[in-house]
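Asks: My structure is below; once you've seen it, I'll send some questions.
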Amino acid sequence: MSAAEAPAAAEPQGPGGRGKTSSPRRIPVVGVVTEDEDAQAGLKPTDLSRIIKLLEETGKDDLEEKQLKFVKKLVQCYQNGFPLRDLAQIFTILNLCAGKIENQPSFIEPAYDIIKLCRLPFLKKKVSDEITYAEDTANSIALLGDLMKIPSSELRIQICKCIVDFYHAEPPKKHIPGYQQASSTYKIQMAEVGGLAKMMVQSLALLENQLVEKLWVLKALQHLSTSEVNCTLMMKAQAASGICVHLNDPDPSGQLLFRSSEILWNLLEKSSKEEIVQQLSNLKCLMALKEAFKHLFMRGFSHYDRQLRNDILVITTIIAQNPEAPMIECGFTRDLILFATFNEVKSQNPLVKGLKLSNSYEDFELKKLLFNLIVILCKDLPTLQLLIDGKVVLALFTYVKKPEKHKITEWSAAQSEELQLHAIATLSSVAPLLIEEYMACQGNARILAFLEWCESEDFFFSHGNSFHGTGGRGNKFAHLRYTLRLLRAMVYLEEEETVNQDLCEKGAIQQLIGVFKNTITKFNDKEEAIILEIQSDILLILSGLCENNIPRKEIFGTEGVDIILHVMKTDPKKFQSGLGYSVLLFSTLDSIWCCILACYASEDYFLEKEGIFLLLDLLALNQKKFCNLILGIMVEFCDNPKTAAHVNTWRGKKDQTAASLLIKLWRKEEKELGVKRDKHGMIIDAKRPLFTSFQEEQKFMPLPANCPTVAVMDVSENIRAKIYAVLGKLDFENLPGLSTEDFVTLCIIHRYLDFKIQATHKQRELAKKSWENFLARTSNAKTLKKAKRLQEKAIESSRHSERPPNAIFHQTDIKGLNTTVPSGRVVAVESTPARLVGGPLADTDIALKRLPIRGGALQRVKAVKAVDDPKKSIPT
């Protein structure tokens, strides 16, 4: 039978040469005219039982003819469908017929006819029949999958057609009095309950060289895989790997690849994605996907072929996210990189010789999918050499240039723009991993040149239709955003100063300040979000370039300070608007730290422009997420002798002074930390004046030796230490605008360092006392026994007083074990050899001498070859 006779073609001849309808979905209905009303509704239960009993008989003359006669009568009586109440007996008859086929081929025809009638909707007499006979129906439908093991092409195809018709059922033409059609989804639900999908997957193993039957099974599985329940069953039957390895089996119709890819899609979407990826992450599956993709890429020219090619690439992309997938080993990674770059970097590889992508939607999607795949592949470090060999960085940089006028390209203007943005986004992931290639391609020069075009007044109408083009319609903001993201990724490379040095030599700092100023002039509410993101990125890049480098801070200079002051003058209400203002403020504060501090000229200019006033205004907003960073900047600024006058001069709302603000923040912080104070703000616990509720909760937690104490960690985790440092720089004296309560709190702040030293010493004393207790236990038997009793008492008190009924309790302690620490499952002791003392537990109640082990300790023995488990037969 040829592939042309597959599911989409005409149905094959039935048993005995009977012609079938031209479509698998058409259901012939034969009306039976009888005088008996019951005959139209089906046989009586006693008649069905008689047929079953007859089929079970053996050894009589003319028995086969009599059996066939009764089964044919059954088929004639149920021409309009099977009632649910009779289904269990009917499928018992079907199973008996199927069992006789091997020795009596004449039973193929009645079995075929019964299965064909299953394509009709089931009938119910009562509304409750669907529930009453649910188990019988599920078992009956499951039997269809079991019958796939019968080596009959006609039966197998008819079973598959029956399953497909579950999803495309047509009502019977003749109404039977007293019956109504079961719900349209009833068969589908019962197929899920009966596990039909799993059996159909298992049947594929029986159809290795039978193309037509295999295509019908795949069509049935394609329908079944639209359900999450069925996909889970198929996953457990290893459907993904079983189907994938046969993607490239010979098939002139092309249905095998299409249906297989559709099933894989459904499995990935409707079952455990991780498990399906794991099933596909092997050489056989990836080789099959590779060959299928290569064939469609090089020889697929129709719309259908291109869609199928892209579907397979998406499946491959999902698999590539699994680091254990052997993408490199099977050669797929190298080919994908070649296909992604052959348009931009000329290659002599025969795979792409003469190939050219069109501007069709499918080829455009292919290009974007390949860019996306490169981002995923570059996360696997062994892939980097292949990216170098494929000249990926150079290929991507061909898009980092201004659009050329009057040039005929294979892409439309909108497509070119989207690919350009996508390529720049891809470079942000790839370029930081390939520094040498980036520098060899003059990456910094290309980016700065493209950045210059982005802020130029050259006419350019951006379509802004894509994900990457969001917010950039009619302007160049989208290009500017992704260019800055790429630049930010390159600036923040660890232990790599070459890129930053080259950028500064090319004037990047001045250029970025200029770009920031241009965004201020172009600011409007419509593009507010994207402009704020651009400004934040510019400040972060400047911070990365200037950090710990005085000459670059000097280049940043007064122009850079001006843009920072501009941001700090933003309406405070906007910092809570959620449009990116908070991120912008964080970037601004970071820029103050990295670009201004330690450069005296910039510090003085910042003070002259009332920068400290603006910092204190932000601090007065009392937003916890900013306070720590602002106070840190204040501490550094106070090293400048001009700062104190500015701090003391500042006035907030209701004429609040800086000192009063700082003291208020101290009290608020202590309240949040749970520090005990009376109503006047005075110390309650003189022994632990700075002790917090958090420290009280943590006091019983053991810490490793190299871990700082809670008292030390407290310094870096809250703002009290910074407030103490700022007020300390102001000498704690002559502070204006303080109330009585403020002076009380100021006294506590003034002694903060003394209190901290006291707390640290106290913790050292506790550690010393703990050590002395340890020495006492290990050197005095009475002390050890006492400690042991206390330990047992503590363990017993921690247990439940009431035991649940029927609960089994296991003894957790070892009698006779002289230790005062909880014992684990394994104790490694470097001491006297076990052969001399009988093992480490020789004197305990579970001494090793009781175990069948030589010498009281575990001994190394020769390896024993394990008996292989019996191989499981292929389930059918």
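Residue numbering restarts at 1 for every chain of the structure tokens, chains are lettered A, B, ... in their displayed order, and ligands are numbered from 1 as they appear.
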Using only C-alpha atoms, which residues sit within 6 Å of region 528-544 of chain A once same-chain residues fewer than 3 positions away are excluded, as a tab-separated table (two decimals) with C-alpha atoms, in the first residue's frame?

Replies:
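Output file around_0.tsv is given in full below:
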chain	number	residue	atom	x	y	z
A	481	ARG	CA	17.54	51.94	24.09
A	488	ARG	CA	26.07	48.84	29.38
A	524	ASN	CA	7.25	64.13	26.40
A	525	ASP	CA	4.60	62.19	28.26
A	547	GLU	CA	34.25	54.36	39.06
A	579	LEU	CA	7.10	54.72	35.45
A	580	GLY	CA	10.81	54.21	36.03
A	584	LEU	CA	16.37	56.62	37.49
A	587	SER	CA	21.07	55.31	38.88
A	591	SER	CA	26.45	58.22	39.58
A	594	CYS	CA	31.03	56.81	41.19
A	595	CYS	CA	31.38	60.02	39.15

Asks: Neighbours of Leu735 (chain A) within 12 Å (only C-alpha atoms; same-chain residues fewer than 4 positions away dropped), as a PyMOL selection string?

Replies: chain A and resi 644-645+647-650+656-663+727-731+739+742-743+746

Asks: From region 59-183 of chain A, collect each residue whose DSSP state is strand (DSSP E) and return the set as a ChimeraX atom specification.

Replies: /A:123-124,180-181

Asks: Taking the chain letters and numbering used in this document, name the residues of region 254-369 of chain A that DSSP puts in helix (DSSP H, G or I), as a ChimeraX atom specification.

Replies: /A:255-270,273-280,283-299,303-320,332-341,350-352,361-369

Asks: Excluding Asp458 (chain A) and any residue of its chain fewer than 3 positions from it, enumerate the residues within 12 Å of it, using only C-alpha atoms, and give them as a PyMOL selection string.

Replies: chain A and resi 402-405+452-455+461+475-476

Asks: With N, CA and C atoms retained, could you export that selection as a short mmCIF file (atom, residue, chain, number, x, y, z; two decimals), in the first residue's frame?

Replies:
data_model
loop_
_atom_site.label_atom_id
_atom_site.label_comp_id
_atom_site.auth_asym_id
_atom_site.auth_seq_id
_atom_site.Cartn_x
_atom_site.Cartn_y
_atom_site.Cartn_z
N LYS A 402 23.54 52.90 10.35
CA LYS A 402 22.35 53.65 9.95
C LYS A 402 21.80 53.11 8.63
N PRO A 403 20.50 53.17 8.44
CA PRO A 403 19.91 52.65 7.20
C PRO A 403 20.47 53.38 5.99
N GLU A 404 20.81 52.61 4.97
CA GLU A 404 21.38 53.19 3.74
C GLU A 404 20.26 53.50 2.76
N LYS A 405 20.30 54.72 2.24
CA LYS A 405 19.26 55.17 1.30
C LYS A 405 19.49 54.57 -0.09
N GLU A 452 25.59 58.07 17.62
CA GLU A 452 25.55 59.43 17.06
C GLU A 452 24.40 59.58 16.08
N TRP A 453 24.16 58.52 15.26
CA TRP A 453 23.02 58.57 14.34
C TRP A 453 21.69 58.58 15.11
N CYS A 454 21.65 57.83 16.23
CA CYS A 454 20.41 57.75 17.01
C CYS A 454 19.98 59.11 17.55
N GLU A 455 20.94 59.98 17.87
CA GLU A 455 20.58 61.28 18.43
C GLU A 455 20.61 62.39 17.38
N PHE A 461 11.65 57.23 9.95
CA PHE A 461 10.34 56.87 10.51
C PHE A 461 10.39 55.44 10.99
N ASN A 475 10.21 57.51 15.90
CA ASN A 475 11.44 58.11 16.45
C ASN A 475 12.52 57.04 16.52
N LYS A 476 13.64 57.38 17.13
CA LYS A 476 14.77 56.46 17.22
C LYS A 476 15.01 55.97 18.65
#

Asks: Provide the CA of Leu589 (chain A) to CA of Met568 (chain A) distance in Å, to one decimal place.

Replies: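 Taking CA of Leu589 (chain A) as the start and CA of Met568 (chain A) as the end point, the length is 8.9 Å.
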